[in-house]
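Source file: entry-v5.txt; contents: compact mmCIF, C-alpha atoms and all ligand atoms.
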```txt
# COMPACT_ATOMS: atom_id res chain seq x y z
CA MET T 1 -76.19 43.13 175.48
CA LEU T 2 -76.44 45.86 172.89
CA ASP T 3 -76.01 48.60 175.48
CA ASP T 4 -72.59 47.13 176.29
CA LEU T 5 -71.35 47.89 172.79
CA LYS T 6 -68.56 50.40 172.51
CA PRO T 7 -68.99 53.30 170.12
CA GLN T 8 -66.88 52.72 167.00
CA VAL T 9 -64.66 55.28 165.39
CA THR T 10 -65.82 55.93 161.81
CA ASP T 11 -63.11 55.49 159.20
CA LYS T 12 -61.83 58.95 158.23
CA ILE T 13 -62.44 58.37 154.51
CA VAL T 14 -66.04 57.28 155.04
CA MET T 15 -66.61 60.18 157.47
CA LEU T 16 -65.40 62.69 154.92
CA MET T 17 -67.77 61.27 152.26
CA GLN T 18 -70.68 62.14 154.54
CA MET T 19 -69.32 65.60 155.40
CA PHE T 20 -69.02 66.38 151.70
CA ARG T 21 -72.60 65.22 151.00
CA ASP T 22 -73.86 67.41 153.86
CA ASP T 23 -71.98 70.56 152.72
CA PRO T 24 -74.50 72.89 150.99
CA ARG T 25 -71.84 74.97 149.16
CA ARG T 26 -72.27 74.76 145.40
CA ASP T 27 -68.57 75.21 144.62
CA LYS T 28 -67.36 72.45 146.98
CA VAL T 29 -64.70 70.13 145.53
CA ASP T 30 -64.45 66.45 146.47
CA LEU T 31 -60.84 65.24 146.51
CA GLY T 32 -61.56 62.69 149.25
CA VAL T 33 -62.73 59.13 148.70
CA GLY T 34 -60.94 57.18 145.97
CA VAL T 35 -63.42 57.09 143.13
CA TYR T 36 -62.59 58.14 139.59
CA LYS T 37 -64.31 61.23 138.20
CA ASP T 38 -64.38 62.45 134.62
CA ALA T 39 -63.91 66.03 133.40
CA SER T 40 -67.50 66.88 134.46
CA GLY T 41 -67.00 65.45 137.93
CA ASN T 42 -69.11 62.32 137.32
CA THR T 43 -68.18 58.73 138.12
CA PRO T 44 -69.40 57.03 134.94
CA VAL T 45 -70.27 53.39 134.37
CA MET T 46 -67.59 52.29 131.91
CA ARG T 47 -68.77 51.59 128.35
CA ALA T 48 -67.63 47.95 128.39
CA VAL T 49 -69.38 47.40 131.72
CA LYS T 50 -72.66 48.75 130.30
CA ALA T 51 -72.30 46.57 127.21
CA ALA T 52 -71.52 43.49 129.31
CA GLU T 53 -74.50 44.20 131.58
CA GLN T 54 -76.80 44.43 128.60
CA LYS T 55 -75.48 41.16 127.20
CA LEU T 56 -75.72 39.49 130.60
CA TRP T 57 -79.32 40.59 131.01
CA GLN T 58 -80.15 39.03 127.67
CA THR T 59 -78.26 35.78 128.13
CA GLU T 60 -78.27 34.96 131.84
CA THR T 61 -80.62 32.05 132.45
CA THR T 62 -80.12 31.40 136.16
CA LYS T 63 -78.97 33.04 139.33
CA THR T 64 -78.35 29.85 141.23
CA TYR T 65 -75.20 29.65 143.37
CA THR T 66 -71.77 29.59 141.79
CA ALA T 67 -68.95 27.84 143.70
CA LEU T 68 -67.68 28.82 147.16
CA ALA T 69 -64.57 30.29 145.56
CA GLY T 70 -66.75 31.97 142.91
CA ASP T 71 -66.80 31.16 139.19
CA PRO T 72 -63.43 29.57 138.25
CA ALA T 73 -63.52 31.52 134.97
CA PHE T 74 -63.34 34.79 136.97
CA ALA T 75 -60.39 33.57 139.02
CA ASP T 76 -58.64 32.49 135.85
CA ALA T 77 -59.27 35.79 134.04
CA MET T 78 -58.01 37.76 137.05
CA ARG T 79 -54.97 35.52 137.43
CA ARG T 80 -54.02 36.34 133.85
CA LEU T 81 -54.75 40.08 134.25
CA VAL T 82 -52.71 40.45 137.44
CA LEU T 83 -49.97 37.86 137.00
CA GLY T 84 -49.65 37.62 133.21
CA ASP T 85 -47.46 34.58 132.60
CA ALA T 86 -45.20 35.23 135.59
CA VAL T 87 -46.16 31.94 137.25
CA PRO T 88 -47.76 28.69 136.05
CA ALA T 89 -51.52 28.49 136.68
CA GLY T 90 -50.93 25.36 138.77
CA ARG T 91 -49.26 27.42 141.50
CA VAL T 92 -52.23 29.75 142.02
CA ALA T 93 -55.14 29.23 144.42
CA ALA T 94 -57.79 31.93 144.04
CA ALA T 95 -61.22 32.88 145.34
CA ALA T 96 -63.64 35.66 144.48
CA THR T 97 -64.29 38.08 147.34
CA PRO T 98 -66.51 41.10 148.04
CA GLY T 99 -64.13 43.75 146.69
CA GLY T 100 -60.41 44.14 147.30
CA THR T 101 -61.13 44.71 150.99
CA GLY T 102 -62.76 41.27 151.16
CA ALA T 103 -59.61 39.83 149.60
CA VAL T 104 -57.39 41.58 152.15
CA ARG T 105 -59.57 40.27 154.94
CA GLN T 106 -59.53 36.66 153.68
CA ALA T 107 -55.75 36.75 153.22
CA LEU T 108 -55.32 38.06 156.77
CA GLU T 109 -57.63 35.39 158.17
CA MET T 110 -55.60 32.74 156.38
CA ILE T 111 -52.40 34.17 157.89
CA HIS T 112 -53.93 34.30 161.35
CA ASN T 113 -55.22 30.72 161.11
CA THR T 114 -51.91 29.23 160.04
CA THR T 115 -49.30 31.44 161.74
CA PRO T 116 -50.99 33.36 164.58
CA ALA T 117 -47.62 34.59 165.84
CA ALA T 118 -46.71 36.23 162.53
CA LYS T 119 -46.62 40.02 162.38
CA VAL T 120 -47.97 41.89 159.39
CA TRP T 121 -45.78 44.84 158.45
CA ILE T 122 -47.39 47.90 156.91
CA SER T 123 -45.98 51.05 155.38
CA THR T 124 -46.13 54.35 157.23
CA PRO T 125 -48.47 55.73 156.05
CA THR T 126 -50.92 53.30 154.47
CA TRP T 127 -54.63 52.98 153.66
CA PRO T 128 -56.28 53.30 157.12
CA ASN T 129 -58.33 50.15 156.69
CA HIS T 130 -55.15 48.01 156.56
CA PRO T 131 -54.12 48.46 160.21
CA SER T 132 -57.77 48.47 161.22
CA ILE T 133 -58.52 45.03 159.74
CA ILE T 134 -55.16 43.56 160.79
CA SER T 135 -55.81 44.49 164.42
CA TYR T 136 -59.44 43.38 164.20
CA VAL T 137 -58.36 39.94 162.99
CA GLY T 138 -55.99 39.78 165.98
CA ILE T 139 -52.65 40.02 164.20
CA ALA T 140 -49.69 42.01 165.54
CA LEU T 141 -48.56 44.99 163.48
CA GLY T 142 -45.09 45.97 162.35
CA HIS T 143 -44.35 49.30 160.69
CA TYR T 144 -41.86 50.28 158.03
CA ARG T 145 -40.96 53.76 156.85
CA TYR T 146 -42.07 54.49 153.32
CA PHE T 147 -42.43 58.18 152.60
CA ASP T 148 -40.28 61.24 153.05
CA ALA T 149 -42.83 64.00 153.67
CA GLU T 150 -40.21 66.70 153.20
CA SER T 151 -39.45 65.82 149.58
CA GLY T 152 -42.78 64.10 148.83
CA SER T 153 -40.92 61.00 147.68
CA LEU T 154 -40.27 57.39 148.61
CA ASP T 155 -37.97 56.77 151.57
CA PHE T 156 -36.50 53.58 150.19
CA ALA T 157 -33.47 53.53 152.50
CA GLY T 158 -35.78 53.86 155.53
CA MET T 159 -38.06 51.12 154.18
CA MET T 160 -35.19 48.66 153.69
CA ALA T 161 -33.68 49.49 157.07
CA ASP T 162 -36.99 48.82 158.85
CA LEU T 163 -37.74 45.66 156.89
CA ASP T 164 -34.41 44.33 158.06
CA GLY T 165 -36.28 43.70 161.34
CA VAL T 166 -38.82 41.21 159.92
CA SER T 167 -38.71 37.63 161.24
CA PRO T 168 -39.15 34.40 159.28
CA GLY T 169 -42.86 33.83 158.63
CA ASP T 170 -43.76 37.50 159.06
CA VAL T 171 -45.88 39.06 156.33
CA VAL T 172 -45.03 42.32 154.56
CA LEU T 173 -47.98 44.18 153.10
CA LEU T 174 -47.00 46.00 149.90
CA HIS T 175 -49.09 48.14 147.55
CA GLY T 176 -48.85 46.65 144.07
CA CYS T 177 -48.87 50.08 142.42
CA CYS T 178 -50.26 53.60 142.96
CA HIS T 179 -49.47 53.66 146.69
CA ASN T 180 -52.44 54.78 148.80
CA PRO T 181 -52.17 57.46 150.20
CA THR T 182 -48.76 58.76 149.13
CA GLY T 183 -48.68 58.30 145.32
CA ALA T 184 -44.96 57.47 145.63
CA ASN T 185 -44.07 54.09 144.20
CA LEU T 186 -41.33 51.49 144.14
CA THR T 187 -39.31 51.30 140.92
CA LEU T 188 -38.62 47.89 139.41
CA PRO T 189 -35.09 47.81 140.88
CA ASP T 190 -36.67 48.67 144.27
CA TRP T 191 -39.06 45.74 143.88
CA ARG T 192 -36.12 43.47 143.11
CA ALA T 193 -34.28 44.62 146.24
CA VAL T 194 -37.40 44.13 148.41
CA THR T 195 -37.89 40.65 146.91
CA ASP T 196 -34.29 39.70 147.74
CA LEU T 197 -34.71 40.97 151.29
CA LEU T 198 -37.94 38.99 151.78
CA ALA T 199 -36.27 35.88 150.37
CA ALA T 200 -33.31 36.29 152.72
CA LYS T 201 -35.60 36.80 155.72
CA GLY T 202 -38.09 34.03 154.89
CA ALA T 203 -40.92 36.59 155.00
CA ILE T 204 -44.08 36.44 152.90
CA PRO T 205 -45.41 39.31 150.80
CA LEU T 206 -49.09 40.23 150.80
CA ILE T 207 -49.56 42.50 147.79
CA ASP T 208 -52.67 44.67 147.66
CA ILE T 209 -53.23 45.76 144.08
CA ALA T 210 -56.29 48.00 143.82
CA TYR T 211 -55.30 50.42 141.05
CA GLN T 212 -53.81 48.34 138.23
CA GLY T 213 -53.97 50.49 135.09
CA PHE T 214 -54.13 53.84 136.92
CA GLY T 215 -50.37 54.44 137.21
CA ASP T 216 -48.16 53.60 134.23
CA GLY T 217 -50.52 51.17 132.44
CA LEU T 218 -51.89 47.66 132.98
CA GLN T 219 -48.61 45.83 132.36
CA ASP T 220 -46.16 48.25 133.97
CA ASP T 221 -48.31 48.55 137.09
CA ALA T 222 -48.07 44.79 137.65
CA ALA T 223 -44.36 44.42 136.81
CA GLY T 224 -43.10 44.59 140.40
CA LEU T 225 -45.76 42.18 141.65
CA ARG T 226 -44.95 39.76 138.81
CA HIS T 227 -41.27 39.82 139.72
CA VAL T 228 -42.12 38.96 143.33
CA ALA T 229 -44.49 36.21 142.19
CA ALA T 230 -41.94 34.67 139.85
CA THR T 231 -39.20 34.72 142.50
CA LEU T 232 -40.67 33.78 145.89
CA PRO T 233 -42.24 30.43 146.77
CA GLU T 234 -45.24 31.87 148.65
CA VAL T 235 -47.05 35.10 147.80
CA LEU T 236 -50.49 36.39 148.78
CA ILE T 237 -52.32 38.84 146.52
CA ALA T 238 -55.49 40.89 147.05
CA ALA T 239 -56.75 42.40 143.79
CA SER T 240 -59.66 44.80 143.39
CA CYS T 241 -61.84 45.43 140.34
CA SER T 242 -63.56 48.41 141.98
CA LYS T 243 -61.41 51.11 140.43
CA ASN T 244 -60.11 49.82 137.11
CA PHE T 245 -63.57 48.52 136.11
CA GLY T 246 -65.39 51.32 137.95
CA ILE T 247 -67.71 48.82 139.67
CA TYR T 248 -67.20 50.04 143.24
CA ARG T 249 -70.59 49.07 144.62
CA GLU T 250 -70.63 45.63 142.98
CA ARG T 251 -67.90 44.53 145.43
CA THR T 252 -65.64 42.56 143.12
CA GLY T 253 -62.20 41.30 144.05
CA VAL T 254 -60.05 38.22 144.21
CA VAL T 255 -57.65 36.77 146.76
CA MET T 256 -54.80 34.66 145.39
CA ALA T 257 -52.32 32.44 147.20
CA LEU T 258 -49.26 31.41 145.19
CA ALA T 259 -47.87 28.11 146.44
CA PRO T 260 -44.59 26.34 145.69
CA ASP T 261 -46.21 23.05 144.59
CA SER T 262 -49.58 21.67 143.61
CA ALA T 263 -50.31 19.89 146.91
CA THR T 264 -49.85 23.17 148.84
CA ARG T 265 -51.85 25.02 146.21
CA ASP T 266 -54.76 22.59 146.73
CA LEU T 267 -54.55 23.11 150.48
CA ALA T 268 -54.69 26.88 149.98
CA GLN T 269 -57.59 26.57 147.54
CA GLY T 270 -59.57 24.54 150.07
CA THR T 271 -58.81 27.07 152.80
CA LEU T 272 -59.93 30.04 150.70
CA ALA T 273 -63.21 28.29 149.85
CA PHE T 274 -63.67 27.41 153.55
CA LEU T 275 -63.03 31.01 154.62
CA ASN T 276 -65.58 32.28 152.09
CA ARG T 277 -68.12 29.80 153.50
CA GLN T 278 -67.49 30.97 157.06
CA ASN T 279 -67.71 34.67 156.30
CA TYR T 280 -70.41 35.09 153.66
CA SER T 281 -70.80 31.69 151.98
CA PHE T 282 -70.83 32.38 148.24
CA PRO T 283 -69.11 35.57 147.06
CA PRO T 284 -71.04 38.17 145.00
CA ASP T 285 -71.15 37.23 141.33
CA HIS T 286 -72.55 40.10 139.26
CA GLY T 287 -69.39 42.22 139.10
CA ALA T 288 -67.18 39.15 138.73
CA ARG T 289 -69.26 37.96 135.78
CA LEU T 290 -69.00 41.35 134.06
CA VAL T 291 -65.23 41.39 134.56
CA THR T 292 -64.94 37.85 133.15
CA MET T 293 -67.03 38.76 130.11
CA ILE T 294 -64.95 41.87 129.46
CA LEU T 295 -61.59 40.19 129.87
CA ASN T 296 -62.54 37.22 127.68
CA ASP T 297 -64.25 39.12 124.84
CA PRO T 298 -61.70 40.80 122.53
CA ALA T 299 -63.98 43.71 121.54
CA LEU T 300 -65.19 44.45 125.07
CA ARG T 301 -61.67 44.12 126.38
CA ALA T 302 -60.25 46.53 123.80
CA ASP T 303 -62.90 49.10 124.65
CA TRP T 304 -62.32 48.66 128.41
CA GLN T 305 -58.58 49.09 127.99
CA ALA T 306 -59.08 52.18 125.84
CA GLU T 307 -61.36 53.80 128.43
CA LEU T 308 -59.04 52.81 131.29
CA GLU T 309 -56.19 54.44 129.43
CA GLU T 310 -58.27 57.63 128.98
CA MET T 311 -58.85 57.64 132.74
CA ARG T 312 -55.16 57.13 133.47
CA LEU T 313 -54.16 59.97 131.18
CA THR T 314 -56.81 62.27 132.69
CA MET T 315 -55.34 61.70 136.15
CA ARG T 316 -51.82 62.25 134.85
CA ASP T 317 -52.89 65.49 133.14
CA ASN T 318 -54.67 66.64 136.31
CA ARG T 319 -51.48 66.12 138.26
CA LYS T 320 -49.47 68.20 135.86
CA ALA T 321 -52.09 70.95 135.66
CA LEU T 322 -52.28 71.26 139.45
CA ALA T 323 -48.49 71.22 139.82
CA ASP T 324 -48.31 74.03 137.21
CA ALA T 325 -51.07 76.03 138.92
CA LEU T 326 -49.32 75.65 142.29
CA ARG T 327 -46.03 76.74 140.78
CA ALA T 328 -47.75 79.88 139.54
CA GLU T 329 -49.53 80.49 142.89
CA THR T 330 -46.55 79.88 145.16
CA GLY T 331 -43.67 80.92 142.90
CA SER T 332 -41.86 77.73 143.92
CA ASP T 333 -41.59 74.10 142.89
CA ARG T 334 -42.64 72.88 146.33
CA PHE T 335 -45.50 70.85 144.90
CA GLY T 336 -43.63 69.62 141.83
CA PHE T 337 -43.79 66.07 143.23
CA LEU T 338 -47.49 65.97 142.33
CA ALA T 339 -46.58 65.52 138.68
CA SER T 340 -44.19 62.65 139.31
CA HIS T 341 -46.49 60.69 141.62
CA ARG T 342 -48.65 58.01 140.03
CA GLY T 343 -52.21 56.80 140.46
CA MET T 344 -55.18 58.38 142.13
CA PHE T 345 -53.59 59.76 145.28
CA SER T 346 -50.88 62.07 146.55
CA LEU T 347 -50.05 63.20 150.03
CA ILE T 348 -49.62 66.95 149.66
CA GLY T 349 -47.84 67.45 152.99
CA ALA T 350 -50.60 69.47 154.70
CA SER T 351 -51.10 69.30 158.46
CA LYS T 352 -54.49 68.41 159.96
CA ALA T 353 -55.13 72.09 160.72
CA GLU T 354 -54.24 73.08 157.16
CA VAL T 355 -56.55 70.39 155.75
CA ARG T 356 -59.34 71.77 157.95
CA ARG T 357 -58.77 75.34 156.71
CA ILE T 358 -58.66 74.17 153.09
CA ARG T 359 -62.05 72.52 153.66
CA GLU T 360 -63.72 75.17 155.79
CA ASP T 361 -62.48 78.29 153.98
CA PHE T 362 -62.31 77.01 150.40
CA GLY T 363 -64.74 74.04 150.27
CA VAL T 364 -61.97 71.70 149.09
CA TYR T 365 -62.19 68.24 150.68
CA LEU T 366 -58.97 66.31 151.35
CA ILE T 367 -58.53 63.37 153.73
CA GLY T 368 -57.24 64.51 157.15
CA ASP T 369 -53.70 63.25 156.53
CA GLY T 370 -53.50 65.54 153.46
CA ARG T 371 -54.37 62.84 150.90
CA MET T 372 -55.73 64.20 147.64
CA ASN T 373 -57.69 62.21 145.06
CA VAL T 374 -56.35 63.78 141.86
CA ALA T 375 -59.22 62.28 139.85
CA GLY T 376 -61.49 64.85 141.52
CA LEU T 377 -59.61 67.72 139.86
CA THR T 378 -61.15 69.37 136.80
CA ARG T 379 -60.10 72.26 134.60
CA GLU T 380 -62.75 74.36 136.37
CA ASN T 381 -61.76 73.57 139.96
CA ILE T 382 -57.95 73.49 139.67
CA PRO T 383 -57.54 77.28 140.17
CA GLN T 384 -59.69 77.11 143.35
CA VAL T 385 -57.74 74.10 144.66
CA ALA T 386 -54.38 75.71 143.93
CA ARG T 387 -55.46 78.94 145.67
CA ALA T 388 -56.66 76.99 148.69
CA ILE T 389 -53.44 74.99 149.05
CA ALA T 390 -51.20 78.00 148.46
CA ALA T 391 -53.13 80.07 151.01
CA CYS T 392 -53.27 77.41 153.73
CA CYS T 393 -49.99 75.49 153.39
CA LYS T 394 -47.29 77.93 154.21
CA GLY T 395 -44.68 75.14 154.51
C1 LIG T 401 -60.06 55.00 149.28
O1 LIG T 401 -58.94 54.76 149.73
O2 LIG T 401 -60.55 56.14 149.25
C2 LIG T 401 -60.87 53.88 148.68
O3 LIG T 401 -60.14 52.70 148.69
C3 LIG T 401 -62.21 53.77 149.29
C4 LIG T 401 -62.18 53.15 150.65
O4 LIG T 401 -62.88 52.15 150.83
O5 LIG T 401 -61.50 53.66 151.54
```

Turn the structure described in the file into structure tokens.
Amino acid sequence: MLDDLKPQVTDKIVMLMQMFRDDPRRDKVDLGVGVYKDASGNTPVMRAVKAAEQKLWQTETTKTYTALAGDPAFADAMRRLVLGDAVPAGRVAAAATPGGTGAVRQALEMIHNTTPAAKVWISTPTWPNHPSIISYVGIALGHYRYFDAESGSLDFAGMMADLDGVSPGDVVLLHGCCHNPTGANLTLPDWRAVTDLLAAKGAIPLIDIAYQGFGDGLQDDAAGLRHVAATLPEVLIAASCSKNFGIYRERTGVVMALAPDSATRDLAQGTLAFLNRQNYSFPPDHGARLVTMILNDPALRADWQAELEEMRLTMRDNRKALADALRAETGSDRFGFLASHRGMFSLIGASKAEVRRIREDFGVYLIGDGRMNVAGLTRENIPQVARAIAACCKG
């Protein structure tokens, strides 16, 4: 049997992580996988997470199973973080999942189980694992334009024109904030227009929010999602705690299904618990428990928010510093869009061959589509990165 297996293509982000680890050059720069790095290039454990872990170690008396949907207190804390008071709690079914990816997967399985003929529409480009999981689950893909590579900005007219083709019951996958990989985001009026279009079409949004707090702040980053949630009868949400709590390897996320009434909400809650049971039984609890402790303890929460804000401002400053350095290197404002993008990523508009040269000749690692993790920039490496891009991307 095993010799009949087909070789699998490794995800390009995961492949680049390994290439970077294997590169012996001392001055190599990792702008690949989406993990936050501080000014010294480290990915720290956040202060509030450390404090919560210490408290948990002292107070935890059992590690027996939680519930199939995870600890309800986690779901409730995440509902409030993501949705604020946009919708009544009674509309929201929620289950803990292994990371945001687990939440995406569970949402897609729910879609496939109930409406196997539905298409899921994704932005061009998007995070490569989106189309990969959608196809793996057996769902048909639709594509909508999203990004104008020429100007480095959102192609909103193209997006709306393509979404005009969605059918009733189709699902439109949207990035809640900090679009991965482009860094170009919908404004609130854009969100309103997309919401109206989805309402008119009878389509359902699936919102993947993995970077809340990394763009314009915790509240602003959720504003579009909250408008959608408050307006449409059915909304699916996949939220990750990997980035904004810095607990990547703890695999902490939540899938939410917003229903129009309590009977449908109960049906969705039962389905999410069932899907957890089928896939991994009980979801991981350690990260979820830390997040719950932090969100529900005023002092821990204040410290978490303060550190998250420091991280957000570091990424914003990195963007500006690189845009300035590239202006000086190239004598043009070609890369000015870097400063106006938000979140961890930007597509810099480099071809595959240019990305390879940037890596091979300058030791600067970008994802093959030209995605840069701006959190990997530091005061020390920005001149090297700017030189590499200016030398290799002749436009
Ligand atoms: C990324 O986009 O780099 C992160 O979300 C990590 C991953 O799993 O791909």

Checklist entry - T:Ser281, T:Gln212, T:Thr330, T:Gln384: which is nearest Tyr65 in chain T, counting all atoms listed in the file? => result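 Closest to Tyr65 in chain T, using all atoms listed in the file: T:Ser281.
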
Just want the 12 Å neighbourhood of Gly370 in chain T, counted on only C-alpha atoms, with same-chain residues fewer than 6 positions away dropped. Output as a CSV table (one decimal) with C-alpha atoms, in the coordinates of the input.
```csv
chain,number,residue,atom,x,y,z
T,12,LYS,CA,-61.8,59.0,158.2
T,13,ILE,CA,-62.4,58.4,154.5
T,31,LEU,CA,-60.8,65.2,146.5
T,32,GLY,CA,-61.6,62.7,149.2
T,125,PRO,CA,-48.5,55.7,156.0
T,149,ALA,CA,-42.8,64.0,153.7
T,152,GLY,CA,-42.8,64.1,148.8
T,180,ASN,CA,-52.4,54.8,148.8
T,181,PRO,CA,-52.2,57.5,150.2
T,182,THR,CA,-48.8,58.8,149.1
T,183,GLY,CA,-48.7,58.3,145.3
T,345,PHE,CA,-53.6,59.8,145.3
T,346,SER,CA,-50.9,62.1,146.6
T,347,LEU,CA,-50.0,63.2,150.0
T,348,ILE,CA,-49.6,67.0,149.7
T,349,GLY,CA,-47.8,67.4,153.0
T,350,ALA,CA,-50.6,69.5,154.7
T,351,SER,CA,-51.1,69.3,158.5
T,352,LYS,CA,-54.5,68.4,160.0
T,353,ALA,CA,-55.1,72.1,160.7
T,354,GLU,CA,-54.2,73.1,157.2
T,355,VAL,CA,-56.6,70.4,155.8
T,356,ARG,CA,-59.3,71.8,158.0
T,357,ARG,CA,-58.8,75.3,156.7
T,358,ILE,CA,-58.7,74.2,153.1
T,359,ARG,CA,-62.0,72.5,153.7
T,364,VAL,CA,-62.0,71.7,149.1
T,389,ILE,CA,-53.4,75.0,149.0
T,392,CYS,CA,-53.3,77.4,153.7
T,393,CYS,CA,-50.0,75.5,153.4
```

Item to check | One-decimal distance in Å that lies between CA of Asn381 in chain T and CA of Glu329 in chain T | outcome: 14.4 Å

Next on the checklist: Just checking: using all atoms listed in the file, which residue out of T:Arg387, T:Arg79, T:Lys320, T:His179 ends up closest to ligand LIG 401 (chain T)?
Outcome noted: T:His179

Checklist entry - Can I get the residues close to ligand LIG 401 (chain T) as a PyMOL selection string, where close means within 8 Å and we count only C-alpha atoms and all ligand atoms? => result chain T and resi 13-14+32-35+101+127-129+180-181+210+373

File dump, residues just selected, C-alpha atoms, as a PDB file, keeping the file's coordinate frame:
```pdb
ATOM      1  CA  ILE T  13     -62.440  58.370 154.510  1.00  0.00           C
ATOM      2  CA  VAL T  14     -66.040  57.280 155.040  1.00  0.00           C
ATOM      3  CA  GLY T  32     -61.560  62.690 149.250  1.00  0.00           C
ATOM      4  CA  VAL T  33     -62.730  59.130 148.700  1.00  0.00           C
ATOM      5  CA  GLY T  34     -60.940  57.180 145.970  1.00  0.00           C
ATOM      6  CA  VAL T  35     -63.420  57.090 143.130  1.00  0.00           C
ATOM      7  CA  THR T 101     -61.130  44.710 150.990  1.00  0.00           C
ATOM      8  CA  TRP T 127     -54.630  52.980 153.660  1.00  0.00           C
ATOM      9  CA  PRO T 128     -56.280  53.300 157.120  1.00  0.00           C
ATOM     10  CA  ASN T 129     -58.330  50.150 156.690  1.00  0.00           C
ATOM     11  CA  ASN T 180     -52.440  54.780 148.800  1.00  0.00           C
ATOM     12  CA  PRO T 181     -52.170  57.460 150.200  1.00  0.00           C
ATOM     13  CA  ALA T 210     -56.290  48.000 143.820  1.00  0.00           C
ATOM     14  CA  ASN T 373     -57.690  62.210 145.060  1.00  0.00           C
TER      15      ASN T 373
END
```

What are the closest atom pairs, with distances in Å to one decimal, for each residue of range 242-296 of chain T lying within 10 Å of range 42-64 of chain T, using all atoms listed in the file, rows by chain and rising residue number, as CSV?
```
residue,atom,partner,partner_atom,distance
T:Asn244,CA,T:Met46,CA,9.4
T:Phe245,CA,T:Met46,CA,6.9
T:Gly246,CA,T:Val45,CA,6.4
T:Ile247,CA,T:Val45,CA,7.5
T:Tyr248,CA,T:Val45,CA,10.0
T:Asp285,CA,T:Lys63,CA,9.1
T:His286,CA,T:Glu53,CA,8.9
T:Gly287,CA,T:Val49,CA,9.0
T:Arg289,CA,T:Leu56,CA,8.4
T:Leu290,CA,T:Ala52,CA,5.8
T:Val291,CA,T:Val49,CA,7.8
T:Thr292,CA,T:Ala52,CA,9.5
T:Met293,CA,T:Ala52,CA,6.6
T:Ile294,CA,T:Ala48,CA,6.7
T:Leu295,CA,T:Ala48,CA,9.9
```

Checklist entry - T:Tyr211, T:Ala288, T:His112, T:Asn276: which is nearest Asp76 in chain T, counting all atoms listed in the file? => result T:Ala288

Edge lengths and centre in Å, axis-aligned, range 213-225 of chain T plus 6 Å each side, as lines of an AutoDock Vina configuration file:
```
center_x = -48.6
center_y = 48.3
center_z = 137.0
size_x = 23.0
size_y = 24.3
size_z = 21.3
```

If you take only C-alpha atoms and a cut-off of 9 Å, which residues of range 92-169 of chain T touch range 173-177 of chain T, and what are their nearest atom pairs and distances in Å to one decimal, in chain and number order, as a tab-separated table?
```
residue	atom	partner	partner_atom	distance
T:Val120	CA	T:Leu173	CA	6.7
T:Trp121	CA	T:Leu173	CA	5.8
T:Ile122	CA	T:Leu173	CA	5.4
T:Ser123	CA	T:Leu173	CA	7.5
T:Thr126	CA	T:His175	CA	8.8
T:His130	CA	T:Leu173	CA	8.8
```

Checklist entry - What is the CA of Arg319 in chain T to CA of Ala339 in chain T distance in Å? => result 5.0 Å

Next on the checklist: Which residue is closest to Glu234 in chain T? Choose from T:Val92, T:Ala328, T:Val9, T:Leu272 and count all atoms listed in the file.
Outcome noted: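 Residue with the minimum atom-to-atom distance to Glu234 in chain T: T:Val92.
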